[in-house]
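Raw input_37.txt, compact mmCIF, C-alpha atoms:
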# COMPACT_ATOMS: atom_id res chain seq x y z
CA MET A 27 26.21 4.36 -1.32
CA VAL A 28 26.95 2.39 1.86
CA ALA A 29 25.83 3.88 5.17
CA LEU A 30 28.44 5.17 7.63
CA PHE A 31 26.80 3.24 10.47
CA PHE A 32 25.00 -0.04 11.01
CA MET A 33 21.45 -0.66 12.27
CA LYS A 34 19.34 -3.65 13.15
CA ILE A 35 15.92 -2.84 11.66
CA THR A 36 12.51 -4.45 12.10
CA ILE A 37 9.76 -3.66 9.59
CA LEU A 38 6.14 -4.34 10.60
CA THR A 39 3.40 -4.57 7.96
CA TYR A 40 0.10 -6.35 7.51
CA GLY A 41 -2.37 -6.86 4.67
CA SER A 42 -2.37 -8.12 1.09
CA ARG A 43 0.57 -8.45 -1.28
CA GLY A 44 0.27 -4.73 -2.04
CA ASP A 45 0.93 -4.03 1.65
CA VAL A 46 3.96 -6.33 1.76
CA GLN A 47 5.79 -5.92 -1.55
CA PRO A 48 6.83 -2.26 -1.07
CA PHE A 49 8.46 -3.18 2.24
CA ILE A 50 10.48 -5.97 0.65
CA ALA A 51 11.84 -3.29 -1.68
CA LEU A 52 12.60 -1.05 1.31
CA ALA A 53 14.25 -3.90 3.21
CA ARG A 54 16.51 -4.64 0.25
CA GLY A 55 17.40 -0.95 0.05
CA PHE A 56 18.60 -1.08 3.64
CA GLN A 57 20.48 -4.32 3.04
CA LYS A 58 22.37 -2.72 0.16
CA ASN A 59 23.52 -0.04 2.60
CA GLY A 60 24.83 -2.64 5.03
CA HIS A 61 21.98 -2.77 7.53
CA GLU A 62 20.45 -5.92 9.04
CA VAL A 63 16.71 -6.11 8.36
CA LYS A 64 13.85 -8.45 9.17
CA LEU A 65 10.30 -8.13 7.93
CA ALA A 66 7.21 -9.20 9.89
CA ALA A 67 4.13 -9.84 7.72
CA PRO A 68 1.28 -12.37 7.31
CA HIS A 69 2.58 -15.95 7.22
CA ARG A 70 1.25 -16.64 3.71
CA PHE A 71 4.01 -14.38 2.30
CA ALA A 72 6.90 -16.37 3.81
CA ASP A 73 8.20 -17.73 0.50
CA PHE A 74 7.64 -14.42 -1.29
CA VAL A 75 9.67 -12.42 1.23
CA SER A 76 12.38 -15.02 1.84
CA GLY A 77 12.80 -15.43 -1.92
CA TYR A 78 14.32 -11.95 -1.98
CA GLY A 79 16.79 -12.74 0.78
CA VAL A 80 14.94 -10.82 3.49
CA PRO A 81 14.64 -12.55 6.91
CA PHE A 82 10.96 -13.14 7.61
CA VAL A 83 8.82 -13.22 10.75
CA PRO A 84 5.39 -14.83 10.18
CA LEU A 85 2.28 -13.21 11.65
CA ALA A 86 -1.05 -14.91 12.29
CA GLY A 87 -4.27 -14.29 10.38
CA ASP A 88 -5.39 -14.47 6.79
CA PRO A 89 -5.33 -11.24 4.74
CA GLU A 90 -7.49 -12.99 2.14
CA GLU A 91 -10.30 -13.08 4.69
CA ILE A 92 -9.80 -9.37 5.42
CA SER A 93 -10.01 -8.66 1.68
CA ARG A 94 -13.23 -10.62 1.39
CA ARG A 95 -14.85 -8.78 4.28
CA ILE A 96 -13.73 -5.33 3.17
CA ASN A 97 -14.93 -5.92 -0.37
CA ASP A 98 -18.31 -6.99 0.96
CA ALA A 99 -18.41 -3.66 2.83
CA GLY A 100 -17.86 -1.75 -0.43
CA THR A 101 -17.19 1.99 -0.07
CA ASN A 102 -19.23 2.46 3.11
CA VAL A 103 -16.57 3.83 5.48
CA LEU A 104 -18.41 2.84 8.67
CA ARG A 105 -18.95 -0.71 7.40
CA ILE A 106 -15.27 -0.96 6.41
CA ILE A 107 -14.19 0.15 9.88
CA SER A 108 -16.64 -2.19 11.59
CA THR A 109 -15.54 -5.11 9.42
CA MET A 110 -11.84 -4.53 10.04
CA ARG A 111 -12.41 -4.01 13.75
CA GLU A 112 -14.24 -7.32 14.10
CA TYR A 113 -11.57 -9.38 12.36
CA VAL A 114 -8.49 -7.50 13.52
CA PHE A 115 -9.53 -7.60 17.18
CA ALA A 116 -9.94 -11.38 16.90
CA ILE A 117 -6.35 -11.94 15.75
CA ALA A 118 -4.70 -8.95 17.46
CA PRO A 119 -3.30 -10.87 20.48
CA GLN A 120 -1.50 -13.42 18.27
CA VAL A 121 -0.31 -10.87 15.71
CA SER A 122 0.91 -8.41 18.32
CA ARG A 123 2.79 -11.08 20.27
CA SER A 124 4.78 -12.14 17.21
CA ALA A 125 5.30 -8.55 16.01
CA PHE A 126 6.64 -7.27 19.32
CA ALA A 127 8.88 -10.33 19.65
CA ALA A 128 10.28 -9.44 16.21
CA CYS A 129 11.18 -6.00 17.56
CA GLU A 130 13.47 -7.36 20.29
CA GLY A 131 17.02 -6.20 19.69
CA ALA A 132 16.03 -3.77 16.95
CA GLU A 133 17.67 -0.35 16.77
CA LEU A 134 15.00 1.06 14.45
CA ILE A 135 11.32 0.18 13.99
CA ILE A 136 9.49 0.88 10.71
CA HIS A 137 5.73 0.44 10.81
CA SER A 138 2.90 0.62 8.29
CA PHE A 139 -0.79 1.42 8.75
CA LEU A 140 -2.09 -1.21 11.18
CA PHE A 141 1.11 -1.10 13.27
CA THR A 142 1.26 2.71 13.50
CA VAL A 143 0.45 2.95 17.21
CA GLY A 144 1.77 -0.40 18.43
CA GLY A 145 5.08 -0.11 16.58
CA HIS A 146 5.65 3.44 17.78
CA SER A 147 4.72 2.64 21.37
CA TRP A 148 7.12 -0.31 21.52
CA ALA A 149 9.92 1.81 20.04
CA ARG A 150 9.25 4.66 22.46
CA GLU A 151 9.31 2.45 25.55
CA HIS A 152 12.57 0.87 24.40
CA GLY A 153 14.22 4.17 23.48
CA VAL A 154 14.77 3.42 19.80
CA PRO A 155 13.76 5.54 16.78
CA ASP A 156 10.77 4.66 14.68
CA VAL A 157 9.42 5.69 11.28
CA SER A 158 5.90 5.47 9.86
CA VAL A 159 5.69 4.48 6.19
CA GLN A 160 2.30 4.64 4.47
CA THR A 161 1.22 3.88 0.91
CA PHE A 162 -1.67 6.36 1.01
CA PRO A 163 -2.08 9.81 2.63
CA VAL A 164 -3.16 9.43 6.24
CA PHE A 165 -2.40 11.06 9.64
CA ALA A 166 -1.38 14.32 7.92
CA PRO A 167 -4.41 16.65 7.64
CA THR A 168 -4.67 19.05 4.74
CA ARG A 169 -7.33 21.10 2.98
CA GLU A 170 -5.86 20.37 -0.45
CA PHE A 171 -7.41 16.92 -0.87
CA PRO A 172 -9.70 14.65 1.17
CA GLY A 173 -8.79 11.61 3.19
CA ALA A 174 -8.18 8.46 1.18
CA ALA A 175 -11.48 6.95 2.33
CA SER A 176 -13.45 10.09 1.38
CA ALA A 177 -12.48 10.57 -2.25
CA GLN A 178 -15.56 12.52 -3.32
CA LEU A 179 -15.23 15.35 -0.79
CA PRO A 180 -14.17 18.76 -2.15
CA SER A 181 -10.97 20.48 -1.07
CA GLY A 182 -11.28 22.82 1.89
CA ALA A 183 -12.71 22.41 5.38
CA LEU A 184 -14.50 19.14 4.63
CA SER A 185 -11.28 17.59 3.35
CA TYR A 186 -9.42 18.66 6.47
CA PHE A 187 -12.21 17.25 8.65
CA SER A 188 -12.06 13.88 6.84
CA HIS A 189 -8.36 13.54 7.71
CA TRP A 190 -9.02 14.50 11.32
CA LEU A 191 -11.90 12.04 11.61
CA THR A 192 -9.85 9.16 10.18
CA THR A 193 -7.16 9.79 12.79
CA GLN A 194 -9.68 9.88 15.63
CA VAL A 195 -11.37 6.65 14.55
CA PHE A 196 -8.00 4.94 14.12
CA TRP A 197 -6.69 6.08 17.51
CA TYR A 198 -9.73 5.35 19.63
CA GLY A 199 -10.67 2.20 17.73
CA GLY A 200 -7.17 0.79 18.11
CA ASN A 201 -7.04 1.66 21.79
CA ALA A 202 -10.25 -0.24 22.41
CA GLY A 203 -8.71 -3.48 21.19
CA TYR A 204 -5.30 -3.08 22.77
CA GLY A 205 -6.33 -3.73 26.36
CA PRO A 206 -7.73 -7.21 25.68
CA ALA A 207 -4.72 -8.07 23.51
CA ARG A 208 -2.29 -7.06 26.27
CA ARG A 209 -4.26 -8.92 28.95
CA ALA A 210 -4.13 -12.02 26.77
CA ASN A 211 -0.32 -11.73 26.70
CA PRO A 212 0.67 -10.64 30.23
CA ASP A 213 4.18 -12.05 30.07
CA THR A 214 5.24 -10.61 26.73
CA SER A 215 6.95 -7.35 25.77
CA PHE A 216 3.71 -5.51 25.01
CA PRO A 217 4.08 -1.74 25.58
CA LYS A 218 2.59 -0.69 28.89
CA LYS A 219 1.04 2.38 27.33
CA LEU A 220 0.04 3.54 23.85
CA TYR A 221 1.48 6.72 22.33
CA TRP A 222 0.56 8.69 19.22
CA PRO A 223 3.63 8.90 16.95
CA PHE A 224 2.99 12.36 15.52
CA ASP A 225 2.48 14.26 18.76
CA GLU A 226 4.42 17.53 18.81
CA SER A 227 4.32 17.92 22.59
CA SER A 228 6.43 15.00 23.74
CA PRO A 229 10.08 16.08 24.20
CA PRO A 230 12.75 14.83 24.37
CA GLN A 231 11.43 12.34 21.82
CA LEU A 232 11.98 13.52 18.25
CA ARG A 233 8.78 13.58 16.23
CA THR A 234 8.30 10.35 14.27
CA PRO A 235 8.84 10.87 10.54
CA LEU A 236 5.90 10.07 8.28
CA LEU A 237 6.91 8.87 4.83
CA PHE A 238 4.45 8.45 1.98
CA ALA A 239 5.53 5.88 -0.61
CA TYR A 240 3.92 7.36 -3.71
CA SER A 241 5.05 9.78 -6.39
CA PRO A 242 4.64 13.54 -5.89
CA SER A 243 3.69 13.66 -9.58
CA ILE A 244 0.50 11.79 -8.64
CA LEU A 245 -0.22 13.66 -5.43
CA PRO A 246 1.96 16.72 -4.73
CA ARG A 247 3.02 17.42 -1.16
CA PRO A 248 0.68 20.01 0.43
CA GLY A 249 2.28 23.21 1.60
CA ASN A 250 0.82 22.97 5.10
CA TRP A 251 2.50 19.68 6.03
CA ASP A 252 5.22 19.92 8.67
CA GLU A 253 8.82 19.00 8.00
CA HIS A 254 8.42 15.51 9.49
CA VAL A 255 6.18 14.53 6.54
CA HIS A 256 7.83 13.37 3.31
CA VAL A 257 6.68 12.12 -0.12
CA THR A 258 9.48 9.83 -1.30
CA GLY A 259 8.20 8.22 -4.48
CA TYR A 260 6.98 4.65 -4.94
CA PHE A 261 8.85 1.65 -3.51
CA PHE A 262 9.26 -0.62 -6.53
CA LEU A 263 10.63 -4.12 -6.10
CA ASP A 264 13.32 -5.08 -8.59
CA GLU A 265 11.88 -7.92 -10.68
CA GLU A 266 14.51 -7.99 -13.41
CA ASN A 267 14.95 -11.77 -13.00
CA TYR A 268 11.27 -12.48 -13.61
CA GLN A 269 10.72 -15.26 -16.13
CA ALA A 270 7.36 -15.00 -17.86
CA PRO A 271 5.63 -18.33 -18.57
CA ASP A 272 5.70 -19.56 -22.15
CA GLU A 273 1.94 -19.20 -22.59
CA LEU A 274 2.18 -15.50 -21.67
CA ARG A 275 5.07 -14.85 -24.06
CA ASP A 276 3.32 -16.78 -26.82
CA PHE A 277 0.09 -14.81 -26.35
CA LEU A 278 1.88 -11.46 -26.41
CA SER A 279 3.74 -12.34 -29.60
CA SER A 280 0.65 -13.64 -31.38
CA GLY A 281 -1.07 -10.30 -31.97
CA GLU A 282 -1.35 -6.62 -31.07
CA SER A 283 -0.69 -5.37 -27.55
CA PRO A 284 -3.49 -6.50 -25.23
CA ILE A 285 -5.36 -4.84 -22.40
CA CYS A 286 -4.37 -6.18 -18.99
CA ILE A 287 -7.05 -6.66 -16.33
CA SER A 288 -5.81 -7.14 -12.76
CA PHE A 289 -7.89 -6.87 -9.61
CA SER A 290 -5.10 -8.52 -7.57
CA SER A 291 -6.18 -9.32 -4.01
CA MET A 292 -9.75 -8.12 -4.45
CA ILE A 293 -12.28 -10.84 -3.64
CA ASN A 294 -15.65 -9.81 -4.97
CA ARG A 295 -18.80 -11.88 -4.64
CA ASP A 296 -19.78 -10.63 -8.11
CA ALA A 297 -16.53 -11.88 -9.67
CA GLU A 298 -18.33 -13.95 -12.29
CA ARG A 299 -20.55 -11.04 -13.39
CA VAL A 300 -17.63 -8.59 -13.41
CA THR A 301 -15.47 -10.94 -15.46
CA HIS A 302 -18.12 -11.47 -18.11
CA GLU A 303 -18.85 -7.74 -18.34
CA VAL A 304 -15.15 -7.08 -18.91
CA MET A 305 -14.93 -9.85 -21.50
CA SER A 306 -17.90 -8.34 -23.32
CA ALA A 307 -16.27 -4.89 -23.33
CA ILE A 308 -13.06 -6.39 -24.73
CA ASN A 309 -15.00 -7.96 -27.59
CA LYS A 310 -17.04 -4.79 -28.21
CA THR A 311 -13.83 -2.82 -28.69
CA ASN A 312 -12.09 -5.53 -30.79
CA ASN A 313 -9.22 -5.89 -28.34
CA ARG A 314 -7.17 -8.71 -26.88
CA ALA A 315 -6.87 -9.13 -23.12
CA ILE A 316 -4.86 -10.77 -20.37
CA PHE A 317 -6.74 -11.42 -17.11
CA LEU A 318 -4.75 -11.81 -13.88
CA THR A 319 -7.28 -13.55 -11.66
CA GLY A 320 -5.50 -13.01 -8.31
CA TRP A 321 -7.23 -14.16 -5.14
CA ASN A 322 -10.63 -14.31 -6.83
CA GLY A 323 -9.37 -17.08 -9.06
CA TYR A 324 -12.44 -17.05 -11.28
CA LYS A 325 -11.99 -18.34 -14.83
CA PRO A 326 -14.86 -18.84 -17.27
CA GLU A 327 -15.46 -22.29 -18.70
CA HIS A 328 -14.98 -21.12 -22.27
CA ILE A 329 -12.10 -18.70 -22.96
CA PRO A 330 -11.94 -17.15 -26.46
CA GLU A 331 -8.68 -17.04 -28.41
CA ASN A 332 -8.28 -13.28 -27.95
CA MET A 333 -8.04 -13.68 -24.16
CA LEU A 334 -5.61 -15.29 -21.72
CA PHE A 335 -6.28 -16.05 -18.06
CA LEU A 336 -3.40 -16.36 -15.57
CA ASP A 337 -3.28 -16.50 -11.80
CA ALA A 338 -0.58 -13.82 -11.62
CA ALA A 339 2.32 -12.20 -13.44
CA SER A 340 4.88 -9.49 -12.70
CA HIS A 341 3.16 -6.11 -13.04
CA GLN A 342 6.50 -4.48 -13.77
CA TRP A 343 7.18 -6.87 -16.65
CA LEU A 344 3.66 -7.17 -18.07
CA PHE A 345 2.07 -3.72 -17.80
CA ALA A 346 4.65 -2.08 -20.06
CA ARG A 347 3.83 -4.66 -22.75
CA CYS A 348 0.11 -3.82 -22.71
CA LYS A 349 -1.80 -0.95 -24.33
CA ILE A 350 -4.09 -0.24 -21.32
CA VAL A 351 -4.25 -1.48 -17.75
CA VAL A 352 -7.61 -2.01 -16.03
CA HIS A 353 -7.21 -2.44 -12.27
CA HIS A 354 -8.84 -1.93 -8.87
CA GLY A 355 -6.86 1.14 -7.85
CA GLY A 356 -4.77 -0.28 -5.03
CA ALA A 357 -1.83 1.99 -4.23
CA GLY A 358 0.81 -0.45 -5.46
CA THR A 359 -1.03 -1.48 -8.62
CA THR A 360 -1.75 2.16 -9.44
CA GLY A 361 1.95 2.95 -9.10
CA ALA A 362 2.90 0.02 -11.34
CA GLY A 363 0.28 0.95 -13.91
CA LEU A 364 1.39 4.57 -14.10
CA ARG A 365 5.07 3.63 -14.13
CA ALA A 366 4.42 1.55 -17.25
CA GLY A 367 3.45 4.74 -19.10
CA VAL A 368 0.15 3.40 -20.42
CA PRO A 369 -3.42 4.61 -19.78
CA ASN A 370 -5.01 3.29 -16.59
CA ILE A 371 -8.70 2.51 -16.13
CA VAL A 372 -9.53 2.17 -12.45
CA VAL A 373 -12.44 0.05 -11.22
CA PRO A 374 -12.37 0.75 -7.46
CA HIS A 375 -13.79 -1.84 -5.10
CA THR A 376 -13.26 -0.37 -1.63
CA ALA A 377 -11.08 1.56 0.86
CA ASP A 378 -8.55 3.99 -0.75
CA GLN A 379 -9.15 2.73 -4.30
CA PRO A 380 -11.72 5.41 -5.29
CA PHE A 381 -9.16 8.00 -4.13
CA TRP A 382 -6.43 6.67 -6.43
CA GLY A 383 -8.91 6.22 -9.27
CA ARG A 384 -9.81 9.86 -9.02
CA ARG A 385 -6.14 10.89 -8.91
CA VAL A 386 -5.44 8.93 -12.12
CA ASN A 387 -8.24 10.84 -13.82
CA LEU A 388 -7.24 14.23 -12.40
CA ILE A 389 -3.67 13.92 -13.69
CA GLY A 390 -4.97 12.94 -17.12
CA ALA A 391 -3.60 9.37 -17.19
CA GLY A 392 -6.99 7.70 -17.49
CA PRO A 393 -10.76 8.23 -17.71
CA LYS A 394 -13.01 8.65 -14.69
CA PRO A 395 -13.04 5.57 -12.45
CA ILE A 396 -15.91 3.10 -12.72
CA PRO A 397 -16.99 1.75 -9.31
CA VAL A 398 -17.14 -2.04 -9.45
CA HIS A 399 -20.85 -2.12 -8.60
CA ARG A 400 -21.55 0.12 -11.63
CA LEU A 401 -19.28 -1.75 -14.03
CA ASN A 402 -20.89 -3.03 -17.21
CA ALA A 403 -19.73 -3.70 -20.74
CA GLU A 404 -21.00 -0.40 -22.11
CA ARG A 405 -19.29 1.76 -19.49
CA LEU A 406 -16.01 -0.10 -19.78
CA ALA A 407 -16.08 -0.04 -23.58
CA SER A 408 -16.59 3.73 -23.45
CA ALA A 409 -13.70 4.08 -20.99
CA ILE A 410 -11.45 1.99 -23.24
CA ALA A 411 -12.26 4.24 -26.21
CA GLU A 412 -11.45 7.31 -24.10
CA ALA A 413 -8.23 5.77 -22.80
CA GLU A 414 -7.05 5.24 -26.38
CA SER A 415 -7.23 8.97 -27.12
CA ASN A 416 -3.98 10.76 -27.90
CA SER A 417 -4.34 13.15 -24.96
CA ILE A 418 -4.57 10.40 -22.34
CA ARG A 419 -1.94 8.22 -23.99
CA LYS A 420 0.59 11.07 -24.17
CA ARG A 421 -0.12 12.15 -20.60
CA ALA A 422 0.30 8.57 -19.37
CA GLN A 423 3.62 8.33 -21.18
CA ALA A 424 4.84 11.57 -19.59
CA ILE A 425 3.79 10.45 -16.09
CA GLY A 426 5.51 7.12 -16.65
CA GLN A 427 8.77 8.84 -17.52
CA ILE A 428 8.62 10.93 -14.36
CA ILE A 429 7.94 7.94 -12.11
CA ARG A 430 10.67 5.85 -13.72
CA SER A 431 13.13 8.66 -12.99
CA GLU A 432 12.32 8.55 -9.26
CA ASP A 433 13.85 6.22 -6.67
CA GLY A 434 11.51 6.13 -3.68
CA VAL A 435 13.48 3.45 -1.85
CA LYS A 436 16.76 5.33 -2.12
CA GLU A 437 15.11 8.55 -0.93
CA ALA A 438 13.44 6.78 2.00
CA VAL A 439 16.65 5.06 3.10
CA LYS A 440 18.50 8.39 3.01
CA LEU A 441 15.82 10.16 5.07
CA ILE A 442 15.55 7.34 7.63
CA GLU A 443 19.31 7.08 8.09
CA ALA A 444 19.53 10.84 8.65
CA TYR A 445 16.69 10.73 11.18
CA SER A 446 18.28 7.83 13.05
CA LEU A 447 21.52 9.76 13.41
CA CYS A 448 19.62 12.81 14.71
CA PHE A 449 17.76 10.58 17.14
CA GLU A 450 21.02 9.21 18.55
CA ILE A 451 22.50 12.69 18.88
CA GLU A 452 19.35 13.93 20.62
CA ALA A 453 19.31 10.92 22.95
CA ASP A 454 22.97 11.46 23.89
CA SER A 455 22.25 15.13 24.55
CA VAL A 456 19.38 14.29 26.90
CA ILE A 457 21.55 11.79 28.80
CA GLN A 458 24.28 14.40 29.24
CA LYS A 459 21.79 16.98 30.52
CA ARG A 460 20.41 14.52 33.06
CA LYS A 461 23.92 13.87 34.35

Output the structure of this file as structure tokens.
Amino acid sequence: MVALFFMKITILTYGSRGDVQPFIALARGFQKNGHEVKLAAPHRFADFVSGYGVPFVPLAGDPEEISRRINDAGTNVLRIISTMREYVFAIAPQVSRSAFAACEGAELIIHSFLFTVGGHSWAREHGVPDVSVQTFPVFAPTREFPGAASAQLPSGALSYFSHWLTTQVFWYGGNAGYGPARRANPDTSFPKKLYWPFDESSPPQLRTPLLFAYSPSILPRPGNWDEHVHVTGYFFLDEENYQAPDELRDFLSSGESPICISFSSMINRDAERVTHEVMSAINKTNNRAIFLTGWNGYKPEHIPENMLFLDAASHQWLFARCKIVVHHGGAGTTGAGLRAGVPNIVVPHTADQPFWGRRVNLIGAGPKPIPVHRLNAERLASAIAEAESNSIRKRAQAIGQIIRSEDGVKEAVKLIEAYSLCFEIEADSVIQKRK
């Protein structure tokens, strides 16, 4: 359905492929409705984004380096924050300069996690609407589940506190780095002041919508969230034209369905140990396996016939052709794994991954997650045996059907278009009152 009005939209995101791919899907959703969209993301994704016909704005920095540092920090929240702060502050002036330049002329700003404050502040100073889109629950406190970086906390007061604390650290930590970044760019369009996007006490500005791009079947919307918070469903990128390499097709056709192992952008200093433990578990359980090596890139010298190592492959295409998916628990990979309707075994490395691993287990689509530092052949072999049970397999199939019936991009586009119209009406009303 084509929109009844036209917008120039800038989308700001930063991180690994899992932080970029959902926004390509969103950008294409807006393009189908007749809007003009450009996407600002790390420069290494230029070909990936442009290949889908989305105008691209390159941003400085190397998300691979961020991944390496965060993985070294493990699940220690304070170390993760300290690590990100150190690297992000170093590149913030360059990244911000390009990002804010990309916003010039935009009639709507969409921002993800690291651009939450900067994107909103620019939009507010220029009088245009903005929307926050996140791939994990953040900036919306609830007692029903803990913050994504505090997966082990029980529901209740401690969960609510973990959400509050994350917001405080994000706000004050980001503010600390903004001053130097702005002073390093005195002649650019940096916002003069920073604003919090979800502040209720700032009329006449409408409250910024907060959209979560995951399925409500995985994490239902809490009853205490205000009406500006939405759970849309995952943003899946259409990969129908994907052409699998011959070696992948040949391997799949040469035997029973394999187990797929994908740790995507995770760079772990124990990659060699982890790989050999997984290989041992595959052999213990008499399975075949496909390893997607991702940014780690580690491949053993001797690869047995029941295993195939590839740099990458389409998750959408491959996961549905496998019997089990073993992955790190990133938001996007978790969504792809569950959409495939097969059991998921999560081996969380850092950040929000333990949270998603626990959700997979709680909804019955996989066994309990195995933290990467505790991964060994015995534990993984036991998890594989559990994942092959009828109860988990049937539950995974049911969840997959639900997710495949959802259209997160379509829902998000509809909500954002409606908000933009309300914003314009509200802005016109304020102008008339002032006259």

### Query
If you count only C-alpha atoms, which residues fall within 9 Å of stretch 230-239 of chain A, apart from same-chain ones fewer than 5 positions away, as a PyMOL selection string?
chain A and resi 48+146+150+153+155-166+223-225+253-261+434-435+438+441-442+445+448-449+452-453+456

### Query
Hey, can you pull every residue with an atom no more than 12 Å from (10.8, -6.2, 25.9), using only C-alpha atoms, and send it as a list in words?
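The residues near that point, listed by chain and number, are Arg123, Ala125, Phe126, Ala127, Ala128, Cys129, Glu130, Gly131, Ala132, Ser147, Trp148, Ala149, Arg150, Glu151, His152, Gly153, Pro212, Asp213, Thr214, Ser215, Phe216, Pro217 and Lys218 of chain A.
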
### Using all atoms listed in the file: which of A:Ser290, A:Ser446, A:Ser417, A:Ser188 has the shortest distance to A:Glu133
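Looking at the shortest contact to A:Glu133, the residue is A:Ser446.
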
### atom CA of A:Arg70 to atom CA of A:Ala338, distance in Å rounded to a single decimal
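Between these atoms lies a distance of 15.7 Å.
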
### Task
Please measure the separation of atom CA of A:Leu220 and atom CA of A:Leu140, giving the value in Å to one decimal.
13.7 Å

### Message
I'd like the interatomic distance between atom CA of A:Leu388 and atom CA of A:Ala424, to a tenth of an Å.
### Response
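For atom CA of A:Leu388 relative to atom CA of A:Ala424, the distance reads 14.3 Å.
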
### Message
So, with all atoms listed in the file as the atoms that count, which of A:Ser138, A:Asn59, A:Thr168, A:Ser76 lies closest to A:Gly249?
### Response
A:Thr168

### Residue nearest A:Ile50 - candidates A:Glu265, A:Pro167, A:Glu273, A:Gln342, atoms counted: only C-alpha atoms
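Residue with the minimum atom-to-atom distance to A:Ile50: A:Glu265.
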
### Task
Rank A:Ile429, A:Val121, A:Val80, A:Ala391 by their smallest atom-to-atom distance to A:Phe56, using all atoms listed in the file, and report the top residue only.
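Result for the nearest residue to A:Phe56: A:Val80.
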
Reconstruct N, CA and C atoms of stretch 206-220 of chain A; output as a PDB file, in the frame of the given file.
ATOM      1  N   PRO A 206      -7.546  -5.757  25.697  1.00  0.00           N
ATOM      2  CA  PRO A 206      -7.730  -7.210  25.680  1.00  0.00           C
ATOM      3  C   PRO A 206      -6.526  -7.971  25.130  1.00  0.00           C
ATOM      4  N   ALA A 207      -5.881  -7.402  24.092  1.00  0.00           N
ATOM      5  CA  ALA A 207      -4.720  -8.070  23.510  1.00  0.00           C
ATOM      6  C   ALA A 207      -3.583  -8.149  24.523  1.00  0.00           C
ATOM      7  N   ARG A 208      -3.361  -7.075  25.273  1.00  0.00           N
ATOM      8  CA  ARG A 208      -2.290  -7.060  26.270  1.00  0.00           C
ATOM      9  C   ARG A 208      -2.603  -7.998  27.436  1.00  0.00           C
ATOM     10  N   ARG A 209      -3.871  -8.028  27.847  1.00  0.00           N
ATOM     11  CA  ARG A 209      -4.260  -8.920  28.950  1.00  0.00           C
ATOM     12  C   ARG A 209      -4.124 -10.381  28.542  1.00  0.00           C
ATOM     13  N   ALA A 210      -4.283 -10.648  27.252  1.00  0.00           N
ATOM     14  CA  ALA A 210      -4.130 -12.020  26.770  1.00  0.00           C
ATOM     15  C   ALA A 210      -2.665 -12.430  26.666  1.00  0.00           C
ATOM     16  N   ASN A 211      -1.765 -11.477  26.786  1.00  0.00           N
ATOM     17  CA  ASN A 211      -0.320 -11.730  26.700  1.00  0.00           C
ATOM     18  C   ASN A 211       0.408 -11.029  27.847  1.00  0.00           C
ATOM     19  N   PRO A 212       0.120 -11.385  29.094  1.00  0.00           N
ATOM     20  CA  PRO A 212       0.670 -10.640  30.230  1.00  0.00           C
ATOM     21  C   PRO A 212       2.176 -10.775  30.407  1.00  0.00           C
ATOM     22  N   ASP A 213       2.753 -11.808  29.838  1.00  0.00           N
ATOM     23  CA  ASP A 213       4.180 -12.050  30.070  1.00  0.00           C
ATOM     24  C   ASP A 213       5.048 -11.674  28.870  1.00  0.00           C
ATOM     25  N   THR A 214       4.473 -10.981  27.917  1.00  0.00           N
ATOM     26  CA  THR A 214       5.240 -10.610  26.730  1.00  0.00           C
ATOM     27  C   THR A 214       5.704  -9.159  26.824  1.00  0.00           C
ATOM     28  N   SER A 215       6.391  -8.709  25.764  1.00  0.00           N
ATOM     29  CA  SER A 215       6.950  -7.350  25.770  1.00  0.00           C
ATOM     30  C   SER A 215       5.981  -6.332  25.216  1.00  0.00           C
ATOM     31  N   PHE A 216       4.671  -6.512  25.461  1.00  0.00           N
ATOM     32  CA  PHE A 216       3.710  -5.510  25.010  1.00  0.00           C
ATOM     33  C   PHE A 216       3.995  -4.170  25.682  1.00  0.00           C
ATOM     34  N   PRO A 217       3.925  -3.059  24.944  1.00  0.00           N
ATOM     35  CA  PRO A 217       4.080  -1.740  25.580  1.00  0.00           C
ATOM     36  C   PRO A 217       3.061  -1.561  26.695  1.00  0.00           C
ATOM     37  N   LYS A 218       3.492  -0.920  27.753  1.00  0.00           N
ATOM     38  CA  LYS A 218       2.590  -0.690  28.890  1.00  0.00           C
ATOM     39  C   LYS A 218       1.557   0.387  28.582  1.00  0.00           C
ATOM     40  N   LYS A 219       1.907   1.259  27.656  1.00  0.00           N
ATOM     41  CA  LYS A 219       1.040   2.380  27.330  1.00  0.00           C
ATOM     42  C   LYS A 219       1.113   2.650  25.830  1.00  0.00           C
ATOM     43  N   LEU A 220       0.047   3.195  25.265  1.00  0.00           N
ATOM     44  CA  LEU A 220       0.040   3.540  23.850  1.00  0.00           C
ATOM     45  C   LEU A 220       0.325   5.022  23.660  1.00  0.00           C
TER      46      LEU A 220
END
